[in-house]
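Trainee: Let me begin by handing over the structure; questions about it come next.
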Amino acid sequence: MEFITKIQEPEQAAKTVHSWQDIGFEVVFTNGCFDLLHTGHIYYLYASRQLGNKLIVAINDDDSVRRLKGPSRPVNTREDRALLLAALEFVDLVTWFAEDTPLELIQRILPDILTKGGDYSVENIVGAEIVIDHGGAVLSLPFVEGYSTTNILNK
């Protein structure tokens, strides 16, 4: 299971990203809870990866998910969510953050491209200003209708 090496502590993830950037790779960063991986996530993550050479996915840790989604979440632990994401061949690195937003992690990593799903406008994407000020791009990718973790759980 060599894909486990794609899961890195935030400090190490920042070093890895900077080493990729040093050799000219464009790094795409996205984040979310990714509590129950579903078809909408797959399309969104794949589209994000197509924008650059490497894709880093940052997930909320379990306490952060609880604060954002309520006491019954996450359904899957941070470790399990990270493992599922790392198993996807188009995901190059998975890390996490404990805060409610990934702002500190984005400041540390300084990705070339920042993406979020279409339910976010660029102006409302956390870290957008930092990435743009650093010469990067921020994109809100089309939302895949009919897929959400909340909808799945409500079924």
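Letters A, B, ... mark the chains of the structure tokens in the order given; residue numbers begin at 1 per chain; ligand numbers begin at 1, in order shown.
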Write out as a ChimeraX atom specification all residues of chain A that DSSP puts in strand (DSSP E or B) for this structure's backbone.
Mentor: /A:7,27-32,54-60,93-97,113-117,137-141
Trainee: Let me make sure I understand: among A:His38, A:Val91, A:Gly118, A:Ala14, which one has the smallest atom-to-atom distance to Gln50 of chain A if we use only C-alpha atoms?
Mentor: A:Val91
Trainee: Quick one: DSSP helix (DSSP H, G or I) residues in segment 22-60 of chain A, as a PyMOL selection string?
Mentor: chain A and resi 22+39-49
Trainee: Restricting it to all heavy atoms, dump the selection as a short mmCIF file (atom, residue, chain, number, x, y, z; two decimals), in the first residue's frame.
Mentor:
```cif
data_model
loop_
_atom_site.label_atom_id
_atom_site.label_comp_id
_atom_site.auth_asym_id
_atom_site.auth_seq_id
_atom_site.Cartn_x
_atom_site.Cartn_y
_atom_site.Cartn_z
N ASP A 22 9.72 23.89 -6.60
CA ASP A 22 11.12 24.20 -6.93
C ASP A 22 11.55 23.57 -8.25
O ASP A 22 12.45 24.09 -8.91
CB ASP A 22 12.06 23.73 -5.81
CG ASP A 22 11.99 24.61 -4.57
OD1 ASP A 22 11.41 25.72 -4.64
OD2 ASP A 22 12.50 24.17 -3.51
N THR A 39 -19.56 10.33 -5.83
CA THR A 39 -19.33 10.64 -7.24
C THR A 39 -19.03 12.12 -7.47
O THR A 39 -18.13 12.46 -8.24
CB THR A 39 -20.56 10.22 -8.07
OG1 THR A 39 -20.77 8.82 -7.89
CG2 THR A 39 -20.38 10.52 -9.54
N GLY A 40 -19.73 13.01 -6.80
CA GLY A 40 -19.47 14.43 -6.94
C GLY A 40 -18.05 14.78 -6.55
O GLY A 40 -17.38 15.58 -7.22
N HIS A 41 -17.56 14.18 -5.46
CA HIS A 41 -16.17 14.41 -5.04
C HIS A 41 -15.19 13.94 -6.12
O HIS A 41 -14.21 14.62 -6.41
CB HIS A 41 -15.86 13.65 -3.75
CG HIS A 41 -16.52 14.18 -2.54
ND1 HIS A 41 -17.03 13.35 -1.56
CD2 HIS A 41 -16.75 15.45 -2.11
CE1 HIS A 41 -17.53 14.09 -0.59
NE2 HIS A 41 -17.38 15.36 -0.90
N ILE A 42 -15.45 12.76 -6.67
CA ILE A 42 -14.53 12.20 -7.67
C ILE A 42 -14.42 13.12 -8.88
O ILE A 42 -13.30 13.44 -9.32
CB ILE A 42 -14.98 10.78 -8.10
CG1 ILE A 42 -15.00 9.82 -6.89
CG2 ILE A 42 -14.10 10.25 -9.23
CD1 ILE A 42 -13.67 9.66 -6.18
N TYR A 43 -15.54 13.57 -9.42
CA TYR A 43 -15.50 14.47 -10.57
C TYR A 43 -14.78 15.77 -10.22
O TYR A 43 -13.97 16.28 -10.99
CB TYR A 43 -16.92 14.79 -11.07
CG TYR A 43 -17.50 13.71 -11.93
CD1 TYR A 43 -18.58 12.96 -11.49
CD2 TYR A 43 -16.98 13.44 -13.19
CE1 TYR A 43 -19.13 11.96 -12.27
CE2 TYR A 43 -17.51 12.45 -13.98
CZ TYR A 43 -18.58 11.71 -13.53
OH TYR A 43 -19.12 10.72 -14.31
N TYR A 44 -15.06 16.31 -9.06
CA TYR A 44 -14.46 17.57 -8.63
C TYR A 44 -12.95 17.43 -8.42
O TYR A 44 -12.15 18.26 -8.87
CB TYR A 44 -15.16 18.03 -7.35
CG TYR A 44 -14.41 19.05 -6.56
CD1 TYR A 44 -14.28 20.35 -7.02
CD2 TYR A 44 -13.82 18.71 -5.35
CE1 TYR A 44 -13.57 21.29 -6.29
CE2 TYR A 44 -13.13 19.64 -4.62
CZ TYR A 44 -13.00 20.92 -5.10
OH TYR A 44 -12.30 21.84 -4.38
N LEU A 45 -12.52 16.37 -7.76
CA LEU A 45 -11.09 16.16 -7.52
C LEU A 45 -10.34 15.90 -8.82
O LEU A 45 -9.25 16.42 -9.03
CB LEU A 45 -10.88 15.01 -6.52
CG LEU A 45 -11.34 15.29 -5.10
CD1 LEU A 45 -11.33 14.01 -4.27
CD2 LEU A 45 -10.48 16.37 -4.44
N TYR A 46 -10.94 15.11 -9.70
CA TYR A 46 -10.30 14.84 -10.98
C TYR A 46 -10.16 16.13 -11.79
O TYR A 46 -9.10 16.40 -12.37
CB TYR A 46 -11.11 13.80 -11.77
CG TYR A 46 -10.46 13.45 -13.09
CD1 TYR A 46 -9.38 12.58 -13.14
CD2 TYR A 46 -10.92 14.01 -14.28
CE1 TYR A 46 -8.77 12.27 -14.34
CE2 TYR A 46 -10.31 13.71 -15.48
CZ TYR A 46 -9.24 12.84 -15.51
OH TYR A 46 -8.62 12.55 -16.70
N ALA A 47 -11.21 16.95 -11.81
CA ALA A 47 -11.14 18.23 -12.54
C ALA A 47 -10.09 19.14 -11.93
O ALA A 47 -9.37 19.84 -12.66
CB ALA A 47 -12.51 18.91 -12.52
N SER A 48 -9.97 19.13 -10.61
CA SER A 48 -8.94 19.94 -9.95
C SER A 48 -7.55 19.50 -10.39
O SER A 48 -6.68 20.32 -10.71
CB SER A 48 -9.05 19.83 -8.42
OG SER A 48 -10.23 20.43 -7.96
N ARG A 49 -7.32 18.21 -10.43
CA ARG A 49 -6.01 17.67 -10.80
C ARG A 49 -5.62 18.03 -12.22
O ARG A 49 -4.45 18.24 -12.54
CB ARG A 49 -6.00 16.15 -10.61
CG ARG A 49 -4.72 15.46 -11.03
CD ARG A 49 -3.50 16.00 -10.28
NE ARG A 49 -2.32 15.20 -10.51
CZ ARG A 49 -1.60 15.22 -11.63
NH1 ARG A 49 -1.94 16.00 -12.64
NH2 ARG A 49 -0.52 14.45 -11.73
#
```
Trainee: When distances are computed from only C-alpha atoms, which of A:His134, A:Lys116, A:Arg73, A:Lys6 shows the smallest separation from Ile56 of chain A?
Mentor: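 Closest to Ile56 of chain A, using only C-alpha atoms: A:Lys6.
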Trainee: With distances taken over only C-alpha atoms, which of A:Leu68, A:Leu84, A:Ala58, A:Ile130 is nearest to Pro102 of chain A?
Mentor: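 Of all the options, A:Ala58 lies closest to Pro102 of chain A.
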Trainee: Skipping near chain neighbours, those fewer than 5 positions away, what residues fall within 10 Å of Lys69 of chain A using only C-alpha atoms, listed as a list in words?
Mentor: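 Returned residues: Cys33, Asp63, Ser64, Pro74 and Thr150 of chain A.
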Trainee: Can you write just those residues out, N, CA and C atoms, as a short mmCIF file (atom, residue, chain, number, x, y, z; two decimals), in the first residue's frame?
Mentor:
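So again_23.cif came out as:
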```cif
data_model
loop_
_atom_site.label_atom_id
_atom_site.label_comp_id
_atom_site.auth_asym_id
_atom_site.auth_seq_id
_atom_site.Cartn_x
_atom_site.Cartn_y
_atom_site.Cartn_z
N CYS A 33 -14.23 18.38 3.98
CA CYS A 33 -14.39 17.30 4.96
C CYS A 33 -14.22 15.94 4.30
N ASP A 63 -12.31 16.91 14.89
CA ASP A 63 -12.91 17.96 15.73
C ASP A 63 -13.44 19.11 14.89
N SER A 64 -12.71 19.46 13.85
CA SER A 64 -13.13 20.53 12.95
C SER A 64 -14.43 20.15 12.23
N PRO A 74 -17.70 13.52 12.10
CA PRO A 74 -17.70 12.83 10.82
C PRO A 74 -18.17 11.38 10.97
N THR A 150 -24.55 15.16 2.85
CA THR A 150 -25.78 15.35 3.61
C THR A 150 -26.95 14.60 2.98
#
```
Trainee: Which is closest to Asn53 of chain A among A:Trp20, A:Glu9, A:Glu99, A:Ala128, if we use only C-alpha atoms?
Mentor: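 Selected residue with least distance to Asn53 of chain A: A:Trp20.
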Trainee: Any idea what's packed within 8 Å of Leu85 of chain A, counting only C-alpha atoms, ignoring anything in its chain fewer than 3 positions away? Could you give it as a list in words?
Mentor: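 Selected residues are Val57, Arg81, Ala82, Leu88, Val91 and Val94 of chain A.
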Trainee: So which residues touch Ala98 of chain A within 10 Å, counting only C-alpha atoms, skipping near sequence neighbours fewer than 5 positions away, as an MDAnalysis selection string?
Mentor: chainID A and resid 59:65 104:105
